[in-house]
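This is query_24.cif. It holds mmCIF, C-alpha atoms.
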```cif
data_data
#
loop_
_atom_site.label_atom_id
_atom_site.label_comp_id
_atom_site.auth_asym_id
_atom_site.auth_seq_id
_atom_site.Cartn_x
_atom_site.Cartn_y
_atom_site.Cartn_z
CA MET A 4 -26.69 39.92 -18.25
CA LYS A 5 -27.55 36.25 -18.04
CA ILE A 6 -24.70 34.31 -16.43
CA LEU A 7 -23.79 30.63 -16.09
CA VAL A 8 -21.50 29.41 -13.27
CA VAL A 9 -20.02 25.93 -13.81
CA GLY A 10 -19.49 23.86 -10.66
CA GLY A 11 -21.45 22.93 -7.59
CA GLY A 12 -19.67 23.64 -4.30
CA GLY A 13 -18.91 26.32 -1.72
CA ARG A 14 -16.58 28.18 -4.06
CA GLU A 15 -19.27 28.42 -6.74
CA HIS A 16 -21.80 29.57 -4.13
CA ALA A 17 -19.41 32.35 -3.02
CA ILE A 18 -18.90 33.41 -6.65
CA ILE A 19 -22.67 33.47 -7.25
CA ARG A 20 -23.38 35.52 -4.11
CA ALA A 21 -20.71 38.04 -5.19
CA LEU A 22 -21.93 38.20 -8.82
CA LYS A 23 -25.51 38.83 -7.66
CA LYS A 24 -24.39 42.15 -6.18
CA SER A 25 -23.64 43.42 -9.68
CA PRO A 26 -26.43 45.65 -11.05
CA ARG A 27 -25.80 44.12 -14.49
CA CYS A 28 -26.43 40.57 -13.33
CA THR A 29 -30.10 39.94 -14.10
CA GLU A 30 -30.29 36.14 -14.22
CA ILE A 31 -27.88 33.54 -12.84
CA TRP A 32 -27.66 29.79 -13.39
CA CYS A 33 -25.39 27.16 -11.86
CA ALA A 34 -24.60 23.73 -13.32
CA PRO A 35 -24.77 21.33 -11.62
CA GLY A 36 -25.19 23.50 -8.50
CA ASN A 37 -26.51 22.00 -5.25
CA GLY A 38 -29.41 22.26 -2.81
CA GLY A 39 -28.21 25.39 -1.06
CA ILE A 40 -27.13 27.13 -4.26
CA SER A 41 -30.68 26.68 -5.61
CA TYR A 42 -31.83 29.44 -3.22
CA ASP A 43 -29.55 31.88 -5.09
CA ALA A 44 -29.48 30.59 -8.67
CA HIS A 45 -31.38 28.34 -11.10
CA CYS A 46 -29.65 24.95 -11.05
CA LYS A 47 -29.27 22.58 -13.99
CA ALA A 48 -28.12 19.00 -13.36
CA ILE A 49 -25.27 18.79 -15.89
CA PRO A 50 -21.96 17.34 -14.63
CA ALA A 51 -19.26 20.04 -14.60
CA THR A 52 -17.00 17.76 -16.65
CA ASP A 53 -19.51 17.16 -19.46
CA VAL A 54 -18.13 19.80 -21.81
CA ASP A 55 -20.41 18.98 -24.77
CA ALA A 56 -23.63 19.00 -22.72
CA MET A 57 -22.60 22.20 -20.90
CA VAL A 58 -21.78 24.06 -24.13
CA LYS A 59 -25.01 22.87 -25.77
CA PHE A 60 -27.00 24.11 -22.74
CA ALA A 61 -25.12 27.45 -22.70
CA LYS A 62 -25.85 27.97 -26.39
CA GLU A 63 -29.55 27.03 -26.09
CA GLU A 64 -30.03 29.37 -23.13
CA ALA A 65 -28.01 32.14 -24.86
CA PHE A 66 -25.90 33.05 -21.83
CA ASP A 67 -24.05 36.36 -22.08
CA TYR A 68 -21.15 35.18 -19.93
CA ALA A 69 -19.95 32.01 -18.20
CA VAL A 70 -17.71 31.44 -15.19
CA VAL A 71 -15.91 28.09 -15.30
CA ALA A 72 -14.98 27.73 -11.64
CA GLN A 73 -13.79 24.14 -11.32
CA ASP A 74 -10.37 22.71 -12.29
CA ASP A 75 -11.52 19.62 -14.26
CA PRO A 76 -13.67 21.43 -16.88
CA LEU A 77 -10.90 24.04 -17.29
CA ALA A 78 -8.32 21.30 -17.92
CA LEU A 79 -10.75 19.71 -20.40
CA GLY A 80 -10.95 22.95 -22.41
CA MET A 81 -14.45 24.18 -21.55
CA VAL A 82 -13.44 27.84 -21.94
CA ASP A 83 -12.16 27.10 -25.48
CA ALA A 84 -15.39 25.22 -26.31
CA LEU A 85 -17.58 28.07 -25.06
CA ALA A 86 -15.52 30.64 -27.01
CA ALA A 87 -16.02 28.53 -30.15
CA VAL A 88 -19.81 29.07 -29.89
CA GLY A 89 -19.42 32.78 -29.11
CA ILE A 90 -19.86 32.72 -25.31
CA PRO A 91 -17.12 34.61 -23.43
CA ALA A 92 -16.03 32.92 -20.21
CA PHE A 93 -13.97 33.60 -17.09
CA GLY A 94 -11.12 31.13 -16.72
CA PRO A 95 -8.03 29.99 -18.60
CA ASP A 96 -8.13 28.08 -21.87
CA LYS A 97 -6.93 24.47 -21.98
CA ALA A 98 -3.30 25.39 -22.75
CA ALA A 99 -3.06 27.81 -19.80
CA ALA A 100 -4.94 25.47 -17.41
CA ARG A 101 -1.90 23.15 -17.61
CA ILE A 102 -0.34 25.35 -14.92
CA GLU A 103 -2.50 23.32 -12.49
CA ALA A 104 -3.44 20.28 -14.57
CA SER A 105 0.22 19.22 -14.94
CA LYS A 106 2.63 19.50 -12.00
CA VAL A 107 5.46 18.63 -14.43
CA PHE A 108 4.51 21.57 -16.69
CA SER A 109 4.34 24.03 -13.78
CA LYS A 110 7.61 22.89 -12.15
CA ASP A 111 9.46 22.99 -15.49
CA LEU A 112 8.03 26.48 -16.12
CA MET A 113 9.38 27.70 -12.77
CA LYS A 114 12.79 26.15 -13.42
CA LYS A 115 13.03 27.68 -16.91
CA TYR A 116 12.03 31.20 -15.81
CA GLY A 117 13.80 31.27 -12.43
CA ILE A 118 10.66 31.43 -10.29
CA PRO A 119 11.51 30.34 -6.71
CA THR A 120 10.17 26.87 -5.84
CA ALA A 121 11.28 23.68 -4.09
CA LYS A 122 14.11 21.62 -5.62
CA TYR A 123 12.54 18.79 -7.63
CA GLU A 124 12.86 16.05 -10.25
CA THR A 125 10.16 14.45 -12.42
CA PHE A 126 9.81 10.73 -13.16
CA ASP A 127 7.69 8.22 -15.07
CA ASN A 128 9.53 5.13 -13.76
CA PRO A 129 8.70 3.98 -10.18
CA GLU A 130 12.14 2.41 -9.59
CA LYS A 131 13.96 5.58 -10.58
CA VAL A 132 11.81 7.56 -8.11
CA MET A 133 13.07 5.43 -5.23
CA ASP A 134 16.69 5.53 -6.47
CA TYR A 135 16.50 9.33 -6.43
CA ILE A 136 14.85 9.52 -2.98
CA ARG A 137 17.46 7.15 -1.49
CA ALA A 138 20.31 9.11 -3.09
CA GLU A 139 18.96 12.42 -1.72
CA GLY A 140 18.40 10.82 1.70
CA LYS A 141 16.34 13.76 2.98
CA TYR A 142 13.04 13.35 4.86
CA PRO A 143 10.29 14.33 4.87
CA VAL A 144 10.08 14.18 1.07
CA VAL A 145 7.11 15.29 -1.06
CA ILE A 146 5.67 13.12 -3.86
CA LYS A 147 3.05 14.64 -6.17
CA ALA A 148 0.90 13.02 -8.84
CA ASP A 149 1.34 14.99 -12.07
CA GLY A 150 -2.36 15.47 -12.89
CA LEU A 151 -5.51 16.57 -11.07
CA ALA A 152 -6.42 14.42 -8.05
CA LEU A 153 -9.14 16.42 -6.24
CA GLY A 154 -6.44 18.20 -4.24
CA LYS A 155 -5.36 14.90 -2.67
CA GLY A 156 -2.50 13.77 -4.96
CA VAL A 157 0.27 15.13 -2.71
CA LEU A 158 2.00 12.84 -0.21
CA ILE A 159 4.43 13.96 2.50
CA CYS A 160 6.57 10.93 3.33
CA GLN A 161 8.53 10.80 6.61
CA ASN A 162 10.84 7.89 5.73
CA GLU A 163 11.89 5.47 2.98
CA GLN A 164 9.08 3.00 3.69
CA GLU A 165 6.39 5.72 3.45
CA ALA A 166 7.96 6.93 0.20
CA ALA A 167 7.93 3.42 -1.26
CA ASP A 168 4.28 2.98 -0.20
CA GLY A 169 3.45 6.36 -1.74
CA VAL A 170 5.09 5.52 -5.05
CA LYS A 171 3.20 2.21 -5.12
CA GLU A 172 -0.12 3.97 -4.36
CA ILE A 173 0.29 6.66 -7.05
CA MET A 174 2.25 4.92 -9.83
CA LEU A 175 1.45 1.20 -9.52
CA ASP A 176 -1.97 0.99 -7.83
CA LYS A 177 -3.04 4.10 -9.80
CA LYS A 178 -5.04 5.51 -6.89
CA PHE A 179 -5.47 8.75 -8.89
CA GLY A 180 -5.76 7.07 -12.28
CA ALA A 181 -3.73 8.46 -15.18
CA SER A 182 -2.74 11.46 -12.99
CA GLY A 183 -0.13 9.15 -11.47
CA ASN A 184 1.63 8.18 -14.72
CA HIS A 185 4.21 10.87 -13.96
CA VAL A 186 5.27 12.14 -10.54
CA VAL A 187 7.18 15.09 -9.17
CA VAL A 188 9.49 14.46 -6.20
CA GLU A 189 10.45 17.60 -4.34
CA GLU A 190 12.20 18.82 -1.22
CA PHE A 191 10.02 19.55 1.80
CA LEU A 192 9.80 23.28 2.48
CA THR A 193 9.08 24.82 5.88
CA GLY A 194 7.51 28.10 6.92
CA PRO A 195 4.06 29.70 7.06
CA GLU A 196 1.79 28.97 4.08
CA VAL A 197 -0.07 31.72 2.26
CA SER A 198 -2.73 31.52 -0.45
CA VAL A 199 -2.91 34.46 -2.84
CA LEU A 200 -5.65 34.41 -5.48
CA SER A 201 -5.14 36.90 -8.30
CA PHE A 202 -7.03 38.21 -11.30
CA CYS A 203 -5.07 37.94 -14.57
CA ASP A 204 -5.85 39.03 -18.13
CA GLY A 205 -2.79 37.52 -19.82
CA LYS A 206 -0.51 40.49 -19.13
CA THR A 207 -1.68 42.23 -15.95
CA VAL A 208 -1.94 40.58 -12.54
CA LYS A 209 -3.97 42.02 -9.64
CA PRO A 210 -3.69 40.02 -6.41
CA MET A 211 -6.68 39.67 -4.10
CA VAL A 212 -6.49 39.81 -0.31
CA SER A 213 -4.29 36.99 1.07
CA SER A 214 -5.70 34.06 3.01
CA MET A 215 -4.72 31.11 5.21
CA ASP A 216 -6.21 27.64 4.71
CA HIS A 217 -6.42 24.86 7.33
CA LYS A 218 -6.03 21.55 5.49
CA ARG A 219 -5.98 18.96 8.28
CA ALA A 220 -9.18 17.34 9.52
CA LEU A 221 -8.51 17.77 13.26
CA ASP A 222 -7.49 20.49 15.71
CA HIS A 223 -3.77 21.39 16.06
CA ASP A 224 -3.30 20.50 12.38
CA GLU A 225 -3.60 16.79 13.11
CA GLY A 226 -5.45 14.12 11.16
CA LEU A 227 -5.75 13.56 7.44
CA ASN A 228 -5.36 16.15 4.69
CA THR A 229 -8.75 17.43 3.52
CA GLY A 230 -9.89 19.91 0.90
CA GLY A 231 -9.82 22.54 3.67
CA MET A 232 -11.54 22.84 7.07
CA GLY A 233 -11.58 26.62 7.29
CA THR A 234 -9.91 29.84 6.19
CA VAL A 235 -9.11 33.34 7.35
CA ALA A 236 -8.26 36.53 5.43
CA PRO A 237 -6.06 38.47 5.37
CA ASN A 238 -3.10 36.24 6.30
CA PRO A 239 -1.04 38.07 8.98
CA TYR A 240 2.23 36.47 7.79
CA TYR A 241 1.78 38.15 4.40
CA THR A 242 3.21 41.59 5.17
CA PRO A 243 3.35 44.48 2.64
CA GLU A 244 7.10 43.82 2.27
CA ILE A 245 6.51 40.14 1.43
CA ALA A 246 3.66 41.08 -0.93
CA GLU A 247 6.01 43.42 -2.82
CA ARG A 248 8.65 40.70 -3.05
CA CYS A 249 6.11 38.14 -4.30
CA MET A 250 4.89 40.54 -6.96
CA LYS A 251 8.44 41.11 -8.23
CA GLU A 252 9.86 37.57 -7.88
CA ILE A 253 6.79 35.36 -8.44
CA PHE A 254 3.55 36.95 -9.72
CA LEU A 255 4.84 39.10 -12.60
CA PRO A 256 7.45 36.52 -13.72
CA THR A 257 4.75 33.79 -13.80
CA VAL A 258 2.37 35.84 -15.95
CA ALA A 259 5.27 36.82 -18.24
CA ALA A 260 6.41 33.16 -18.44
CA MET A 261 2.95 31.98 -19.50
CA GLN A 262 2.85 34.69 -22.16
CA ALA A 263 6.32 33.72 -23.39
CA GLU A 264 5.22 30.07 -23.63
CA GLY A 265 2.36 31.10 -25.92
CA CYS A 266 -0.39 30.32 -23.40
CA PRO A 267 -1.24 33.62 -21.66
CA PHE A 268 -3.19 33.07 -18.44
CA LYS A 269 -6.63 34.68 -18.12
CA GLY A 270 -8.89 34.17 -15.12
CA CYS A 271 -7.99 33.48 -11.50
CA LEU A 272 -4.42 32.34 -10.89
CA TYR A 273 -3.95 30.94 -7.39
CA PHE A 274 -0.48 31.10 -5.86
CA GLY A 275 0.10 28.62 -3.03
CA LEU A 276 3.18 30.03 -1.31
CA MET A 277 5.55 28.98 1.47
CA LEU A 278 7.36 31.77 3.30
CA THR A 279 10.64 29.90 3.80
CA PRO A 280 13.76 31.16 5.63
CA ASP A 281 15.16 31.73 2.08
CA GLY A 282 12.19 33.86 1.03
CA PRO A 283 8.80 33.14 -0.55
CA LYS A 284 8.57 30.07 -2.81
CA VAL A 285 5.76 28.57 -4.90
CA ILE A 286 4.36 25.27 -3.56
CA GLU A 287 1.66 25.05 -6.22
CA TYR A 288 -0.36 26.97 -8.77
CA ASN A 289 -4.11 26.52 -9.24
CA CYS A 290 -5.86 27.72 -12.38
CA ARG A 291 -9.03 28.80 -10.53
CA PHE A 292 -10.42 30.17 -7.26
CA GLY A 293 -9.41 28.06 -4.26
CA ASP A 294 -11.96 26.34 -2.06
CA PRO A 295 -12.49 27.39 0.76
CA GLU A 296 -10.27 30.49 0.25
CA THR A 297 -12.90 32.05 -2.04
CA GLN A 298 -15.36 32.01 0.87
CA VAL A 299 -13.24 34.57 2.79
CA VAL A 300 -11.72 36.53 -0.11
CA LEU A 301 -14.83 37.46 -2.12
CA PRO A 302 -16.85 38.73 0.89
CA LEU A 303 -14.13 41.40 1.29
CA LEU A 304 -14.26 42.48 -2.39
CA GLU A 305 -15.69 45.97 -2.83
CA SER A 306 -15.36 46.16 -6.62
CA ASP A 307 -18.02 44.73 -8.94
CA LEU A 308 -16.96 41.09 -9.51
CA LEU A 309 -18.65 40.86 -12.91
CA THR A 310 -16.79 43.94 -14.18
CA VAL A 311 -13.46 42.55 -12.94
CA MET A 312 -14.11 39.12 -14.45
CA GLU A 313 -15.01 40.62 -17.82
CA ALA A 314 -11.81 42.68 -17.72
CA THR A 315 -9.75 39.47 -17.40
CA THR A 316 -11.53 38.05 -20.48
CA ASN A 317 -11.20 41.28 -22.49
CA GLY A 318 -7.61 42.11 -21.51
CA THR A 319 -8.56 45.40 -19.82
CA LEU A 320 -7.57 44.55 -16.24
CA ALA A 321 -4.92 47.29 -16.08
CA GLU A 322 -7.67 49.96 -16.33
CA THR A 323 -10.09 48.16 -13.97
CA GLU A 324 -10.19 48.87 -10.25
CA VAL A 325 -9.87 45.85 -7.94
CA LYS A 326 -10.59 47.04 -4.41
CA PHE A 327 -10.95 45.16 -1.14
CA ARG A 328 -12.39 46.53 2.08
CA ASP A 329 -10.35 46.75 5.28
CA GLY A 330 -11.24 44.27 7.95
CA ALA A 331 -11.18 40.49 8.06
CA ALA A 332 -13.17 37.38 7.20
CA ALA A 333 -13.25 33.89 8.75
CA CYS A 334 -14.82 30.70 7.41
CA VAL A 335 -15.48 27.57 9.50
CA ILE A 336 -16.32 24.40 7.57
CA LEU A 337 -19.03 22.11 8.93
CA ALA A 338 -18.18 18.64 7.66
CA SER A 339 -19.73 15.18 7.79
CA GLY A 340 -18.30 12.97 10.56
CA GLY A 341 -15.64 10.67 9.06
CA TYR A 342 -14.60 13.09 6.29
CA PRO A 343 -12.23 12.87 4.36
CA VAL A 344 -12.60 9.06 4.41
CA ALA A 345 -16.04 7.44 4.83
CA TYR A 346 -19.10 9.49 5.77
CA GLU A 347 -22.88 9.26 5.48
CA LYS A 348 -25.09 11.52 3.37
CA GLY A 349 -28.74 12.52 3.64
CA LYS A 350 -28.68 13.93 7.21
CA GLU A 351 -31.27 16.67 7.76
CA ILE A 352 -29.81 20.15 8.32
CA THR A 353 -31.68 22.36 10.78
CA GLY A 354 -31.32 26.00 11.82
CA LEU A 355 -31.30 27.61 8.36
CA THR A 356 -34.01 29.58 6.58
CA ALA A 357 -33.74 29.46 2.77
CA GLY A 358 -30.21 28.15 3.33
CA GLN A 359 -29.05 31.09 5.48
CA LEU A 360 -28.83 32.27 9.08
CA ASP A 361 -30.42 35.51 10.22
CA ALA A 362 -27.16 37.06 11.45
CA LYS A 363 -25.63 40.31 10.25
CA GLY A 364 -22.30 39.91 8.47
CA VAL A 365 -22.65 36.11 8.28
CA THR A 366 -23.09 34.08 5.08
CA VAL A 367 -23.55 30.32 4.83
CA TYR A 368 -21.93 28.87 1.70
CA HIS A 369 -23.20 25.45 0.62
CA SER A 370 -20.52 22.93 -0.38
CA GLY A 371 -22.34 19.62 -0.15
CA THR A 372 -26.09 19.98 0.35
CA ALA A 373 -29.17 18.70 -1.46
CA LEU A 374 -32.90 19.35 -1.30
CA GLN A 375 -34.99 16.22 -0.69
CA ASN A 376 -38.73 16.97 -0.90
CA GLY A 377 -38.02 20.53 0.23
CA THR A 378 -35.78 19.46 3.14
CA LEU A 379 -32.14 20.50 3.15
CA VAL A 380 -29.84 17.51 3.75
CA THR A 381 -26.09 16.78 3.74
CA ASN A 382 -24.70 15.54 0.42
CA GLY A 383 -20.91 15.63 0.73
CA GLY A 384 -17.88 15.56 3.01
CA ARG A 385 -17.68 19.31 3.41
CA VAL A 386 -21.26 20.42 3.91
CA LEU A 387 -21.33 24.13 4.78
CA GLY A 388 -18.89 27.03 5.12
CA VAL A 389 -19.97 29.58 7.72
CA THR A 390 -18.28 32.89 6.92
CA ALA A 391 -18.29 36.07 8.99
CA THR A 392 -16.80 39.47 8.18
CA ALA A 393 -15.79 42.04 10.81
CA ASN A 394 -13.36 44.89 11.42
CA THR A 395 -10.78 42.58 13.00
CA LEU A 396 -9.88 38.89 12.73
CA PRO A 397 -10.69 38.06 16.40
CA GLU A 398 -14.16 39.56 15.88
CA ALA A 399 -14.71 37.68 12.60
CA LEU A 400 -13.71 34.36 14.20
CA LYS A 401 -15.90 34.92 17.24
CA LYS A 402 -18.85 35.78 15.00
CA ALA A 403 -18.31 32.77 12.67
CA TYR A 404 -18.04 30.29 15.55
CA ALA A 405 -21.10 31.77 17.30
CA ALA A 406 -23.03 31.39 14.04
CA THR A 407 -22.08 27.70 13.69
CA GLU A 408 -23.87 27.00 16.99
CA GLY A 409 -27.19 27.67 15.25
CA ILE A 410 -26.75 24.91 12.66
CA HIS A 411 -27.23 21.21 13.33
CA PHE A 412 -27.03 17.84 11.57
CA ASP A 413 -26.17 14.34 12.75
CA LYS A 414 -22.40 13.65 13.14
CA LEU A 415 -21.46 17.29 12.37
CA HIS A 416 -17.69 17.79 12.60
CA LYS A 417 -15.79 21.08 12.73
CA ARG A 418 -12.38 22.20 13.90
CA SER A 419 -12.42 24.45 16.96
CA ASP A 420 -9.09 26.19 16.23
CA ILE A 421 -9.52 27.86 12.84
CA GLY A 422 -7.51 31.09 12.88
CA ALA A 423 -5.50 30.18 16.00
CA ARG A 424 -2.16 30.32 14.13
CA ALA A 425 -3.11 33.63 12.53
CA LEU A 426 -4.02 35.13 15.92
CA ALA A 427 -0.71 33.89 17.37
CA ALA A 428 1.16 35.54 14.48
CA MET A 429 -0.63 38.83 15.15
CA ARG A 430 0.58 38.84 18.75
#
```

Rendering of file as structure tokens:
Amino acid sequence: MKILVVGGGGREHAIIRALKKSPRCTEIWCAPGNGGISYDAHCKAIPATDVDAMVKFAKEEAFDYAVVAQDDPLALGMVDALAAVGIPAFGPDKAAARIEASKVFSKDLMKKYGIPTAKYETFDNPEKVMDYIRAEGKYPVVIKADGLALGKGVLICQNEQEAADGVKEIMLDKKFGASGNHVVVEEFLTGPEVSVLSFCDGKTVKPMVSSMDHKRALDHDEGLNTGGMGTVAPNPYYTPEIAERCMKEIFLPTVAAMQAEGCPFKGCLYFGLMLTPDGPKVIEYNCRFGDPETQVVLPLLESDLLTVMEATTNGTLAETEVKFRDGAAACVILASGGYPVAYEKGKEITGLTAGQLDAKGVTVYHSGTALQNGTLVTNGGRVLGVTATANTLPEALKKAYAATEGIHFDKLHKRSDIGARALAAMR
């Protein structure tokens, strides 16, 4: 089969490396891809959000299957557009992608179908937002832009002034563009966070191994919120008892709710959960693989990813085995100094051969790299994800951190405490 993967970061690289293991995958392309991905797939410089150009390219090249991995093209209806020209694709259609593309849609869905989540209200008037926040008088308070904002449209405000500044930033200054026309204001939940990615075919849901993301830029969960500085899997807080409860109270009801609303979800449904003192609650849904969670989840997948993906498209997931190996995986992100604010690009990366390290059980996933005259250079805030698999989490972390020592570029920044909370939980 000839396959197209849409996107160009670490998540797409992890998907490509997993798809390449399938005996039926004969040729793989990535658009737009990046420097490091080009060692594993043919890259084509088409922006992931250019639906017309992507569909035209997919038709010309006669791809057998496409994987739309990024949120923006899913929200724009790329899966629908590919289906219209006869190319089956992994991912939800435009109607189902609203579960991530509109926070208002997802919160209202949870309210209607009794799926546990934080108490909330939605607004399109900035003054009314502040009236509500003052009336509630509870801090911290969470303010979310309704639409997609590169994972950065969520503000946690510690007091009234921060809330007022946040409302101004999202709704008046339009920092996230039209995504800030509507906002969701919700109560601040506490407890361990868990990410659970799951395969869905519209009726059946099969969760993948759980993971734990580290969002803050600096050690001890300090600094600014980033797209993720590292991940571990499985998440020790996610016990079999909690998994069973989530399946009954959250996963199955969500899939049934989407079906009842006439927009069955097919693809990867990501559940961002908070294990609160009152039980597990949904913080957010994503309509695609998380980044960098994918970089620890897919290396533990034993089943053929292509077969599983096709089953989600064809509605045959119930009869398809989804199996993960025992053991653990850890991913440490190597970022550009200054990320997530200002950082420089074009720094030469040394220590890799054809984009990889020569270390058993270690894979380097490329998030933001480019090839300049054959030289691999940095081309983003998050540059590389160094993932190691092992029998235990302490071993996986030790191996991942040891591997990072072999990679160098100017102003390289990484957290030194990825997995520390997970290890503490295991004790």

Write out as a PyMOL selection string which residues come within 6 Å of His185 of chain A when counting all atoms listed in the file, dropping same-chain ones fewer than 2 positions away. chain A and resi 126-127+149+183

Contacts of Glu264 of chain A within 12 Å, only C-alpha atoms, excl. fewer than 6 positions in-chain, as number ranges by chain: A: 98-99, 101-102, 108-109, 111-113, 115-116, 205, 257-258

Using all atoms listed in the file, which residue out of A:Ile253, A:Leu158, A:Met232, A:Ala428 lies closest to Glu172 of chain A?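 Among A:Ile253, A:Leu158, A:Met232, A:Ala428, it is A:Leu158 that comes nearest to Glu172 of chain A.
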
Per residue of segment 311-429 of chain A within 10 Å of segment 34-42 of chain A, which atom pair is closest and at what distance in Å (one decimal), using all atoms listed in the file, listed by chain and increasing number, as a Markdown table?
```
| residue | atom | partner | partner_atom | distance |
| --- | --- | --- | --- | --- |
| A:Ala357 | CA | A:Tyr42 | CA | 6.3 |
| A:Gly358 | CA | A:Gly39 | CA | 5.6 |
| A:Gln359 | CA | A:Gly39 | CA | 8.7 |
| A:Val367 | CA | A:Gly39 | CA | 9.0 |
| A:Tyr368 | CA | A:Gly39 | CA | 7.7 |
| A:His369 | CA | A:Gly39 | CA | 5.3 |
| A:Ser370 | CA | A:Asn37 | CA | 7.8 |
| A:Gly371 | CA | A:Asn37 | CA | 7.0 |
| A:Thr372 | CA | A:Gly38 | CA | 5.1 |
| A:Ala373 | CA | A:Gly38 | CA | 3.8 |
| A:Leu374 | CA | A:Gly38 | CA | 4.8 |
| A:Gln375 | CA | A:Gly38 | CA | 8.5 |
| A:Gly377 | CA | A:Gly38 | CA | 9.3 |
| A:Thr378 | CA | A:Gly38 | CA | 9.2 |
| A:Leu379 | CA | A:Gly38 | CA | 6.8 |
| A:Val380 | CA | A:Gly38 | CA | 8.1 |
| A:Thr381 | CA | A:Gly38 | CA | 9.2 |
| A:Asn382 | CA | A:Asn37 | CA | 8.8 |
| A:Val386 | CA | A:Gly39 | CA | 9.9 |
| A:Leu387 | CA | A:Gly39 | CA | 9.1 |
```

Would you give me, as CSV, each residue of segment 40-85 of chain A having an atom within 12 Å of an atom of segment 23-27 of chain A, along with its shortest atom pair and that distance in Å to one decimal, using all atoms listed in the file and sorting by chain and residue number?
```
residue,atom,partner,partner_atom,distance
A:Asp43,CA,A:Lys23,CA,8.4
A:Ala44,CA,A:Lys23,CA,9.2
A:Asp67,CA,A:Arg27,CA,11.0
A:Tyr68,CA,A:Arg27,CA,11.5
```

If you take only C-alpha atoms and a cut-off of 8 Å, which residues of segment 188-246 of chain A touch segment 273-289 of chain A, and what are their nearest atom pairs and distances in Å to one decimal, in chain and number order, as JSON lines?
```
{"residue": "A:Leu192", "atom": "CA", "partner": "A:Thr279", "partner_atom": "CA", "distance": 6.8}
{"residue": "A:Thr193", "atom": "CA", "partner": "A:Thr279", "partner_atom": "CA", "distance": 5.7}
{"residue": "A:Gly194", "atom": "CA", "partner": "A:Thr279", "partner_atom": "CA", "distance": 4.8}
{"residue": "A:Pro195", "atom": "CA", "partner": "A:Leu278", "partner_atom": "CA", "distance": 5.4}
{"residue": "A:Glu196", "atom": "CA", "partner": "A:Met277", "partner_atom": "CA", "distance": 4.6}
{"residue": "A:Val197", "atom": "CA", "partner": "A:Leu276", "partner_atom": "CA", "distance": 5.1}
{"residue": "A:Ser198", "atom": "CA", "partner": "A:Gly275", "partner_atom": "CA", "distance": 4.8}
{"residue": "A:Val199", "atom": "CA", "partner": "A:Phe274", "partner_atom": "CA", "distance": 5.1}
{"residue": "A:Leu200", "atom": "CA", "partner": "A:Tyr273", "partner_atom": "CA", "distance": 4.3}
{"residue": "A:Ser201", "atom": "CA", "partner": "A:Tyr273", "partner_atom": "CA", "distance": 6.1}
{"residue": "A:Ile245", "atom": "CA", "partner": "A:Pro283", "partner_atom": "CA", "distance": 7.6}
```

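Residue neighbourhood of Gly89 of chain A, excluding near-sequence residues (fewer than 5 positions): Val58, Lys59, Ala61, Lys62, Ala65, Phe66, Asp67, Tyr68, Ala69, Val82, Asp83 and Ala84 of chain A, at 12 Å, using all atoms listed in the file.
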
Please dump the current selection as an mmCIF file, in the coordinates of the input; keep C-alpha atoms.
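Printed below is result.cif as written:
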```
data_model
loop_
_atom_site.group_PDB
_atom_site.id
_atom_site.type_symbol
_atom_site.label_atom_id
_atom_site.label_comp_id
_atom_site.auth_asym_id
_atom_site.auth_seq_id
_atom_site.Cartn_x
_atom_site.Cartn_y
_atom_site.Cartn_z
ATOM 1 C CA VAL A 58 -21.780 24.060 -24.130
ATOM 2 C CA LYS A 59 -25.010 22.870 -25.770
ATOM 3 C CA ALA A 61 -25.120 27.450 -22.700
ATOM 4 C CA LYS A 62 -25.850 27.970 -26.390
ATOM 5 C CA ALA A 65 -28.010 32.140 -24.860
ATOM 6 C CA PHE A 66 -25.900 33.050 -21.830
ATOM 7 C CA ASP A 67 -24.050 36.360 -22.080
ATOM 8 C CA TYR A 68 -21.150 35.180 -19.930
ATOM 9 C CA ALA A 69 -19.950 32.010 -18.200
ATOM 10 C CA VAL A 82 -13.440 27.840 -21.940
ATOM 11 C CA ASP A 83 -12.160 27.100 -25.480
ATOM 12 C CA ALA A 84 -15.390 25.220 -26.310
#
```

Show me the residues around (-9.8, 29.1, 3.8) - criterion: an atom at most 7 Å away, all atoms listed in the file counted - as a PDB file with C-alpha atoms, in the frame of the given file.
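Saved result, out36.pdb, follows:
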```
ATOM      1  CA  SER A 214      -5.700  34.060   3.010  1.00  0.00           C
ATOM      2  CA  MET A 215      -4.720  31.110   5.210  1.00  0.00           C
ATOM      3  CA  ASP A 216      -6.210  27.640   4.710  1.00  0.00           C
ATOM      4  CA  HIS A 217      -6.420  24.860   7.330  1.00  0.00           C
ATOM      5  CA  GLY A 231      -9.820  22.540   3.670  1.00  0.00           C
ATOM      6  CA  GLY A 233     -11.580  26.620   7.290  1.00  0.00           C
ATOM      7  CA  THR A 234      -9.910  29.840   6.190  1.00  0.00           C
ATOM      8  CA  VAL A 235      -9.110  33.340   7.350  1.00  0.00           C
ATOM      9  CA  ASP A 294     -11.960  26.340  -2.060  1.00  0.00           C
ATOM     10  CA  PRO A 295     -12.490  27.390   0.760  1.00  0.00           C
ATOM     11  CA  GLU A 296     -10.270  30.490   0.250  1.00  0.00           C
ATOM     12  CA  GLN A 298     -15.360  32.010   0.870  1.00  0.00           C
ATOM     13  CA  VAL A 299     -13.240  34.570   2.790  1.00  0.00           C
ATOM     14  CA  CYS A 334     -14.820  30.700   7.410  1.00  0.00           C
TER      15      CYS A 334
END
```

Neighbours of Ala391 of chain A within 8 Å (only C-alpha atoms; same-chain residues fewer than 5 positions away dropped), as a PyMOL selection string? chain A and resi 332-334+364-366+399-400+402-403
